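Asks: structure-v3.cif is the file, holding mmCIF, C-alpha atoms and all ligand atoms:
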data_coords
#
loop_
_atom_site.group_PDB
_atom_site.id
_atom_site.type_symbol
_atom_site.label_atom_id
_atom_site.label_comp_id
_atom_site.auth_asym_id
_atom_site.auth_seq_id
_atom_site.Cartn_x
_atom_site.Cartn_y
_atom_site.Cartn_z
ATOM 1 C CA MET H 5 -8.246 -1.420 20.212
ATOM 2 C CA PRO H 6 -11.746 0.044 19.626
ATOM 3 C CA ASN H 7 -14.211 -2.754 18.865
ATOM 4 C CA ARG H 8 -16.434 -0.936 16.366
ATOM 5 C CA LYS H 9 -15.135 0.983 13.410
ATOM 6 C CA LEU H 10 -16.352 4.510 12.713
ATOM 7 C CA VAL H 11 -17.188 5.424 9.128
ATOM 8 C CA ALA H 12 -17.653 9.189 8.920
ATOM 9 C CA GLY H 13 -18.781 11.093 5.848
ATOM 10 C CA ASN H 14 -17.599 14.649 5.230
ATOM 11 C CA TRP H 15 -19.904 16.281 2.709
ATOM 12 C CA LYS H 16 -17.690 19.394 2.577
ATOM 13 C CA MET H 17 -19.500 22.221 0.702
ATOM 14 C CA ASN H 18 -22.050 19.895 -0.859
ATOM 15 C CA GLY H 19 -25.682 19.279 -0.024
ATOM 16 C CA LEU H 20 -29.049 21.004 -0.151
ATOM 17 C CA ALA H 21 -32.328 20.269 1.606
ATOM 18 C CA ALA H 22 -32.997 17.447 -0.851
ATOM 19 C CA SER H 23 -29.935 15.586 0.493
ATOM 20 C CA ALA H 24 -32.077 14.262 3.355
ATOM 21 C CA ALA H 25 -33.219 11.614 0.881
ATOM 22 C CA MET H 26 -29.684 10.219 0.784
ATOM 23 C CA LEU H 27 -29.790 9.477 4.508
ATOM 24 C CA GLU H 28 -33.177 7.790 4.205
ATOM 25 C CA GLU H 29 -31.853 5.610 1.396
ATOM 26 C CA LEU H 30 -28.746 4.780 3.436
ATOM 27 C CA VAL H 31 -30.680 3.753 6.532
ATOM 28 C CA ALA H 32 -33.102 1.672 4.470
ATOM 29 C CA ALA H 33 -30.200 -0.196 2.862
ATOM 30 C CA HIS H 34 -28.157 -0.546 6.085
ATOM 31 C CA PRO H 35 -30.608 -0.646 9.022
ATOM 32 C CA THR H 36 -28.165 -2.373 11.395
ATOM 33 C CA PRO H 37 -24.616 -1.566 10.293
ATOM 34 C CA ALA H 38 -21.700 -3.371 11.903
ATOM 35 C CA CYS H 39 -19.889 -0.046 12.347
ATOM 36 C CA ASP H 40 -20.696 3.361 13.800
ATOM 37 C CA ILE H 41 -21.715 5.943 11.212
ATOM 38 C CA LEU H 42 -21.505 9.728 11.159
ATOM 39 C CA ILE H 43 -22.435 12.255 8.500
ATOM 40 C CA CYS H 44 -20.977 15.767 8.582
ATOM 41 C CA PRO H 45 -23.080 17.886 6.243
ATOM 42 C CA PRO H 46 -22.692 21.627 5.716
ATOM 43 C CA ALA H 47 -23.831 23.612 8.759
ATOM 44 C CA THR H 48 -27.017 24.684 6.988
ATOM 45 C CA LEU H 49 -28.296 21.093 7.102
ATOM 46 C CA ILE H 50 -27.318 20.014 10.617
ATOM 47 C CA ALA H 51 -30.577 20.865 12.368
ATOM 48 C CA ALA H 52 -32.661 19.365 9.588
ATOM 49 C CA LEU H 53 -30.739 16.076 9.484
ATOM 50 C CA ALA H 54 -30.027 15.582 13.204
ATOM 51 C CA GLY H 55 -32.170 13.433 15.436
ATOM 52 C CA GLY H 56 -32.580 10.539 13.024
ATOM 53 C CA ALA H 57 -30.887 7.164 12.811
ATOM 54 C CA VAL H 58 -27.611 8.619 11.553
ATOM 55 C CA PRO H 59 -25.587 10.796 13.959
ATOM 56 C CA ILE H 60 -24.708 14.199 12.534
ATOM 57 C CA GLY H 61 -21.517 16.222 12.946
ATOM 58 C CA GLY H 62 -20.130 19.629 12.010
ATOM 59 C CA GLN H 63 -17.124 20.356 9.792
ATOM 60 C CA ASP H 64 -15.577 23.083 11.952
ATOM 61 C CA CYS H 65 -16.325 25.273 14.963
ATOM 62 C CA HIS H 66 -15.012 28.444 16.565
ATOM 63 C CA TRP H 67 -13.292 28.119 19.950
ATOM 64 C CA ALA H 68 -15.407 30.796 21.659
ATOM 65 C CA VAL H 69 -18.869 30.094 23.072
ATOM 66 C CA SER H 70 -20.375 33.160 21.392
ATOM 67 C CA GLY H 71 -19.431 36.697 20.386
ATOM 68 C CA ALA H 72 -18.486 38.996 17.533
ATOM 69 C CA HIS H 73 -17.210 36.414 15.030
ATOM 70 C CA THR H 74 -19.189 36.967 11.841
ATOM 71 C CA GLY H 75 -19.801 33.786 9.900
ATOM 72 C CA ASP H 76 -18.496 31.472 12.604
ATOM 73 C CA ILE H 77 -20.337 28.796 14.552
ATOM 74 C CA SER H 78 -19.522 27.716 18.103
ATOM 75 C CA ALA H 79 -19.311 24.150 19.340
ATOM 76 C CA GLU H 80 -22.270 24.903 21.580
ATOM 77 C CA MET H 81 -24.291 25.955 18.501
ATOM 78 C CA LEU H 82 -23.424 22.686 16.771
ATOM 79 C CA ALA H 83 -24.580 20.735 19.824
ATOM 80 C CA ASP H 84 -27.719 22.860 20.057
ATOM 81 C CA ALA H 85 -28.506 22.027 16.420
ATOM 82 C CA GLY H 86 -28.215 18.321 17.226
ATOM 83 C CA ALA H 87 -24.624 17.533 16.234
ATOM 84 C CA THR H 88 -22.684 15.004 18.286
ATOM 85 C CA ALA H 89 -19.276 15.439 16.657
ATOM 86 C CA VAL H 90 -17.138 17.907 14.728
ATOM 87 C CA ILE H 91 -14.267 17.562 12.264
ATOM 88 C CA LEU H 92 -11.375 19.866 13.195
ATOM 89 C CA GLY H 93 -8.153 20.816 11.448
ATOM 90 C CA HIS H 94 -9.082 19.341 8.079
ATOM 91 C CA SER H 95 -6.314 20.127 5.589
ATOM 92 C CA GLU H 96 -8.755 22.189 3.528
ATOM 93 C CA ARG H 97 -9.392 24.395 6.583
ATOM 94 C CA ARG H 98 -5.668 24.551 7.321
ATOM 95 C CA ALA H 99 -4.944 25.574 3.703
ATOM 96 C CA ASP H 100 -7.969 27.775 2.937
ATOM 97 C CA HIS H 101 -8.429 29.451 6.322
ATOM 98 C CA GLY H 102 -4.938 29.493 7.780
ATOM 99 C CA GLU H 103 -5.765 27.155 10.641
ATOM 100 C CA THR H 104 -2.789 26.173 12.732
ATOM 101 C CA ASP H 105 -2.185 23.472 15.308
ATOM 102 C CA VAL H 106 -2.750 26.139 17.965
ATOM 103 C CA THR H 107 -6.210 27.098 16.684
ATOM 104 C CA VAL H 108 -7.122 23.446 16.145
ATOM 105 C CA ALA H 109 -6.223 22.715 19.784
ATOM 106 C CA LYS H 110 -8.443 25.582 20.925
ATOM 107 C CA LYS H 111 -11.278 24.276 18.781
ATOM 108 C CA THR H 112 -10.786 20.750 20.131
ATOM 109 C CA HIS H 113 -11.050 22.084 23.659
ATOM 110 C CA ALA H 114 -14.266 23.896 22.640
ATOM 111 C CA ALA H 115 -15.701 20.714 21.140
ATOM 112 C CA TRP H 116 -15.110 18.876 24.409
ATOM 113 C CA ARG H 117 -16.617 21.755 26.379
ATOM 114 C CA ALA H 118 -19.804 21.289 24.317
ATOM 115 C CA GLY H 119 -19.777 17.502 24.696
ATOM 116 C CA LEU H 120 -18.851 16.772 21.077
ATOM 117 C CA LEU H 121 -16.554 14.085 19.697
ATOM 118 C CA ALA H 122 -13.617 15.906 18.086
ATOM 119 C CA ILE H 123 -12.272 14.311 14.906
ATOM 120 C CA VAL H 124 -8.864 15.935 14.553
ATOM 121 C CA CYS H 125 -7.218 15.656 11.132
ATOM 122 C CA VAL H 126 -3.513 15.306 10.455
ATOM 123 C CA GLY H 127 -1.622 14.550 7.261
ATOM 124 C CA GLU H 128 1.377 15.395 5.139
ATOM 125 C CA THR H 129 1.578 17.106 1.760
ATOM 126 C CA GLU H 130 3.114 15.317 -1.181
ATOM 127 C CA ALA H 131 6.290 17.404 -0.887
ATOM 128 C CA GLN H 132 6.599 16.448 2.782
ATOM 129 C CA ARG H 133 6.166 12.751 1.933
ATOM 130 C CA ASP H 134 8.757 13.008 -0.830
ATOM 131 C CA ALA H 135 11.131 14.613 1.665
ATOM 132 C CA ASN H 136 10.553 11.694 4.051
ATOM 133 C CA GLU H 137 8.976 14.000 6.626
ATOM 134 C CA THR H 138 5.620 12.233 7.015
ATOM 135 C CA LEU H 139 6.050 10.950 10.569
ATOM 136 C CA ASP H 140 7.610 14.232 11.730
ATOM 137 C CA VAL H 141 4.700 16.213 10.282
ATOM 138 C CA VAL H 142 1.868 14.068 11.622
ATOM 139 C CA GLY H 143 3.617 13.681 14.986
ATOM 140 C CA ARG H 144 3.965 17.438 15.308
ATOM 141 C CA GLN H 145 0.338 18.022 14.255
ATOM 142 C CA LEU H 146 -0.943 15.366 16.645
ATOM 143 C CA GLY H 147 1.061 16.687 19.563
ATOM 144 C CA ALA H 148 0.087 20.321 19.100
ATOM 145 C CA SER H 149 -3.506 19.993 17.806
ATOM 146 C CA VAL H 150 -4.768 17.789 20.635
ATOM 147 C CA PRO H 151 -4.942 19.356 24.097
ATOM 148 C CA ASP H 152 -4.634 17.443 27.352
ATOM 149 C CA GLY H 153 -7.797 15.659 28.407
ATOM 150 C CA ALA H 154 -8.338 13.330 25.458
ATOM 151 C CA THR H 155 -10.348 10.172 26.025
ATOM 152 C CA ALA H 156 -11.468 7.341 23.774
ATOM 153 C CA ALA H 157 -14.959 8.872 23.887
ATOM 154 C CA ASN H 158 -14.114 12.489 23.051
ATOM 155 C CA LEU H 159 -11.401 12.132 20.393
ATOM 156 C CA ALA H 160 -10.792 10.415 17.085
ATOM 157 C CA ILE H 161 -7.820 11.139 14.850
ATOM 158 C CA ALA H 162 -8.125 11.134 11.056
ATOM 159 C CA TYR H 163 -4.930 10.531 9.100
ATOM 160 C CA GLU H 164 -5.484 12.186 5.737
ATOM 161 C CA PRO H 165 -2.487 12.504 3.422
ATOM 162 C CA VAL H 166 -3.217 15.786 1.625
ATOM 163 C CA TRP H 167 -2.139 14.329 -1.719
ATOM 164 C CA ALA H 168 -4.675 11.505 -1.422
ATOM 165 C CA ILE H 169 -7.717 13.730 -0.853
ATOM 166 C CA GLY H 170 -10.023 13.744 -3.846
ATOM 167 C CA THR H 171 -7.293 12.464 -6.160
ATOM 168 C CA GLY H 172 -8.078 8.767 -6.440
ATOM 169 C CA ARG H 173 -4.586 8.055 -5.125
ATOM 170 C CA THR H 174 -4.001 6.289 -1.814
ATOM 171 C CA PRO H 175 -0.885 5.288 0.094
ATOM 172 C CA SER H 176 -0.003 1.591 0.041
ATOM 173 C CA LEU H 177 -1.387 -0.504 2.872
ATOM 174 C CA GLU H 178 2.143 -0.641 4.327
ATOM 175 C CA GLU H 179 2.386 3.151 4.272
ATOM 176 C CA ILE H 180 -1.002 3.498 5.982
ATOM 177 C CA ALA H 181 0.072 0.934 8.584
ATOM 178 C CA GLN H 182 3.333 2.762 9.253
ATOM 179 C CA VAL H 183 1.572 6.054 9.977
ATOM 180 C CA HIS H 184 -1.277 4.537 11.997
ATOM 181 C CA ASP H 185 1.127 2.451 14.092
ATOM 182 C CA PHE H 186 3.163 5.585 14.748
ATOM 183 C CA LEU H 187 0.069 7.611 15.716
ATOM 184 C CA ARG H 188 -1.076 4.815 18.028
ATOM 185 C CA ALA H 189 2.305 4.725 19.754
ATOM 186 C CA GLU H 190 2.250 8.514 20.185
ATOM 187 C CA LEU H 191 -1.252 8.399 21.703
ATOM 188 C CA VAL H 192 -0.271 5.609 24.105
ATOM 189 C CA LYS H 193 2.887 7.495 25.098
ATOM 190 C CA ARG H 194 0.935 10.649 25.852
ATOM 191 C CA PHE H 195 -2.390 9.404 27.238
ATOM 192 C CA GLY H 196 -1.498 5.975 28.629
ATOM 193 C CA LYS H 197 -2.210 2.492 27.352
ATOM 194 C CA GLU H 198 -5.944 2.295 27.995
ATOM 195 C CA THR H 199 -6.888 5.709 26.581
ATOM 196 C CA GLY H 200 -4.269 5.720 23.838
ATOM 197 C CA SER H 201 -5.346 2.293 22.601
ATOM 198 C CA GLY H 202 -9.012 3.236 22.622
ATOM 199 C CA ILE H 203 -8.881 6.434 20.572
ATOM 200 C CA ARG H 204 -10.057 5.651 17.063
ATOM 201 C CA LEU H 205 -7.669 6.249 14.176
ATOM 202 C CA LEU H 206 -9.495 6.886 10.910
ATOM 203 C CA TYR H 207 -7.884 6.814 7.482
ATOM 204 C CA GLY H 208 -9.096 9.415 4.950
ATOM 205 C CA GLY H 209 -8.173 10.135 1.339
ATOM 206 C CA SER H 210 -9.896 8.557 -1.687
ATOM 207 C CA VAL H 211 -11.635 5.816 0.314
ATOM 208 C CA LYS H 212 -14.122 4.122 -2.024
ATOM 209 C CA PRO H 213 -16.277 0.980 -1.915
ATOM 210 C CA GLY H 214 -13.599 -0.739 -4.012
ATOM 211 C CA ASN H 215 -10.661 -0.146 -1.650
ATOM 212 C CA ALA H 216 -12.345 0.165 1.767
ATOM 213 C CA ALA H 217 -12.235 -3.534 2.657
ATOM 214 C CA GLU H 218 -8.472 -3.815 2.202
ATOM 215 C CA ILE H 219 -7.822 -0.536 4.035
ATOM 216 C CA PHE H 220 -9.917 -1.832 6.950
ATOM 217 C CA THR H 221 -7.669 -4.902 7.221
ATOM 218 C CA VAL H 222 -4.739 -2.683 8.249
ATOM 219 C CA GLY H 223 -3.952 -2.811 11.956
ATOM 220 C CA ASN H 224 -4.789 0.392 13.827
ATOM 221 C CA VAL H 225 -7.228 1.522 11.141
ATOM 222 C CA ASP H 226 -10.414 1.965 13.152
ATOM 223 C CA GLY H 227 -12.540 3.484 10.439
ATOM 224 C CA ALA H 228 -12.550 6.049 7.674
ATOM 225 C CA LEU H 229 -13.216 9.707 6.991
ATOM 226 C CA VAL H 230 -14.823 9.756 3.578
ATOM 227 C CA GLY H 231 -15.303 12.764 1.306
ATOM 228 C CA GLY H 232 -16.570 12.259 -2.242
ATOM 229 C CA ALA H 233 -17.843 8.725 -1.687
ATOM 230 C CA SER H 234 -20.026 9.868 1.229
ATOM 231 C CA LEU H 235 -22.305 11.837 -1.090
ATOM 232 C CA THR H 236 -24.335 8.907 -2.392
ATOM 233 C CA ALA H 237 -26.030 6.158 -0.399
ATOM 234 C CA LYS H 238 -24.654 3.569 -2.823
ATOM 235 C CA ASP H 239 -20.983 4.498 -2.373
ATOM 236 C CA PHE H 240 -21.155 5.307 1.323
ATOM 237 C CA GLY H 241 -23.197 2.141 1.894
ATOM 238 C CA GLY H 242 -20.509 0.152 0.099
ATOM 239 C CA ILE H 243 -17.897 1.463 2.534
ATOM 240 C CA ILE H 244 -20.166 0.776 5.525
ATOM 241 C CA ALA H 245 -20.650 -2.776 4.288
ATOM 242 C CA ALA H 246 -16.868 -3.225 4.129
ATOM 243 C CA ALA H 247 -16.327 -2.131 7.744
HETATM 244 O O1 LIG H 301 -12.658 14.500 4.873
HETATM 245 C C1 LIG H 301 -12.531 13.725 3.911
HETATM 246 C C2 LIG H 301 -11.349 13.704 3.120
HETATM 247 O O2 LIG H 301 -10.853 14.951 2.814
HETATM 248 C C3 LIG H 301 -11.301 12.709 2.019
HETATM 249 O O3 LIG H 301 -11.906 13.168 0.844
HETATM 250 P P1 LIG H 301 -12.050 12.148 -0.383
HETATM 251 O O4 LIG H 301 -12.660 10.892 0.182
HETATM 252 O O5 LIG H 301 -12.954 12.852 -1.343
HETATM 253 O O6 LIG H 301 -10.675 11.921 -0.888
#
Please lay out the structure from this file as structure tokens.

Replies:
Amino acid sequence: MPNRKLVAGNWKMNGLAASAAMLEELVAAHPTPACDILICPPATLIAALAGGAVPIGGQDCHWAVSGAHTGDISAEMLADAGATAVILGHSERRADHGETDVTVAKKTHAAWRAGLLAIVCVGETEAQRDANETLDVVGRQLGASVPDGATAANLAIAYEPVWAIGTGRTPSLEEIAQVHDFLRAELVKRFGKETGSGIRLLYGGSVKPGNAAEIFTVGNVDGALVGGASLTAKDFGGIIAAA
């Protein structure tokens, strides 16, 4: 089991140049956190925010190194701008941009090619949970979105139930445990005990300062992927303090 949790913030399409102040406030309040931290701002802010005390990541990348792909950004460009990680296959990208497990796997391979940590997201919709398909869905996404070659250093998985994102609703601790235990077993089966046990499993979906501590008590929860509560130093700091 990984010994330090990772608390990653996904700013989504939020943040302007003035958001640098949030990171300064965060570092001042938490100079020596007990967990690893990552902030994934919009691409426009990566170069400006990278290089400081808080590691910076991207929210997506193209699988090609370069070329005629208007509006896209390669993994190499993220690394060149100072990013050390990238979120891939977030449900908002899957829903809004038609990303599939196949494209997510190609992007994961690209992230590794550029030396980035890939944070690959999986998670069921509410209808899939109601139909008792959760483990089937996340198992299928995990298997097809992650290419061969994963290590504890180049991959983290984020379990994000789609219905819990931005809604204030979360699964019960037992439900989180069931999915994380399943994902752990799948990783061990595929990549072996040492690698499979070392890959961090993050929970995401309405993580707040008020519920983070109890979520972090769940076995096989090695951190969090935080959306809304990563936008202020107070809320994100509260989650860091709980880790
Ligand atoms: O990537 C982060 C997740 O989508 C969670 O978002 P949320 O914390 O606003 O629910």

Asks: List all protein, DNA and RNA residues that have an atom no more than 9 Å from any atom of ligand LIG 301 (chain H), counting all atoms listed in the file, and report them as a count of residues only.

Replies: 36

Asks: Nearest residue to H:Ala68 out of H:Ser176, H:Thr88, H:Thr48, H:Thr112, using all atoms listed in the file?

Replies: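 Looking only at the distances to H:Ala68, the closest residue turns out to be H:Thr112.
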
Asks: Given only C-alpha atoms as the basis, pick out the residue of H:Met17, H:Val150, H:Leu42, H:Val225 nearest to H:Glu190.

Replies: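 Comparing H:Met17, H:Val150, H:Leu42, H:Val225 against H:Glu190, the winner is H:Val150.
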
Asks: Which value, in Å to one decimal, gives the distance between atom CA of H:Ala109 and atom CA of H:Gly56?

Replies: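 A separation of 29.8 Å between them.
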
Asks: Evaluating the PyMOL selection byres (((chain H and resi 41) around 12) and not hetatm) on the displayed file yields which residues, as number ranges by chain?

Replies: H: 8-14, 27, 30-31, 34-40, 42-44, 56-61, 88-89, 227-230, 234, 240-241, 243-245, 247

Asks: Mind running stretch 14-81 of chain H against stretch 114-122 of chain H at 6 Å and telling me each contacting residue's nearest atom pair with the distance in Å (one decimal), counting only C-alpha atoms, chain and number ascending, as a tab-separated table?

Replies:
residue	atom	partner	partner_atom	distance
H:Trp67	CA	H:Ala114	CA	5.1
H:Ala79	CA	H:Ala115	CA	5.3
H:Glu80	CA	H:Ala118	CA	5.2

Asks: What's around stretch 98-105 of chain H at 9 Å? Count all atoms listed in the file, leave out sequence neighbours fewer than 4 positions away in its own chain, and write the answer as a PyMOL selection string.

Replies: chain H and resi 93-94+109-110+144-150

Asks: Can you measure atom CA of H:His66 to atom CA of H:Asp152 for me? One decimal in Å is fine.

Replies: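 Going from atom CA of H:His66 over to atom CA of H:Asp152 covers 18.6 Å.
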
Asks: Ranking H:Pro6, H:Ile50, H:Ile219, H:Leu139 by minimum distance to H:Gly200 and counting only C-alpha atoms, which one comes first?

Replies: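 Closest candidate: H:Pro6.
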
Asks: To one decimal place, how far is atom CA of H:Ala87 from atom CA of H:Asn7 in Å?

Replies: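 Value for the atom CA of H:Ala87-atom CA of H:Asn7 distance: 23.0 Å.
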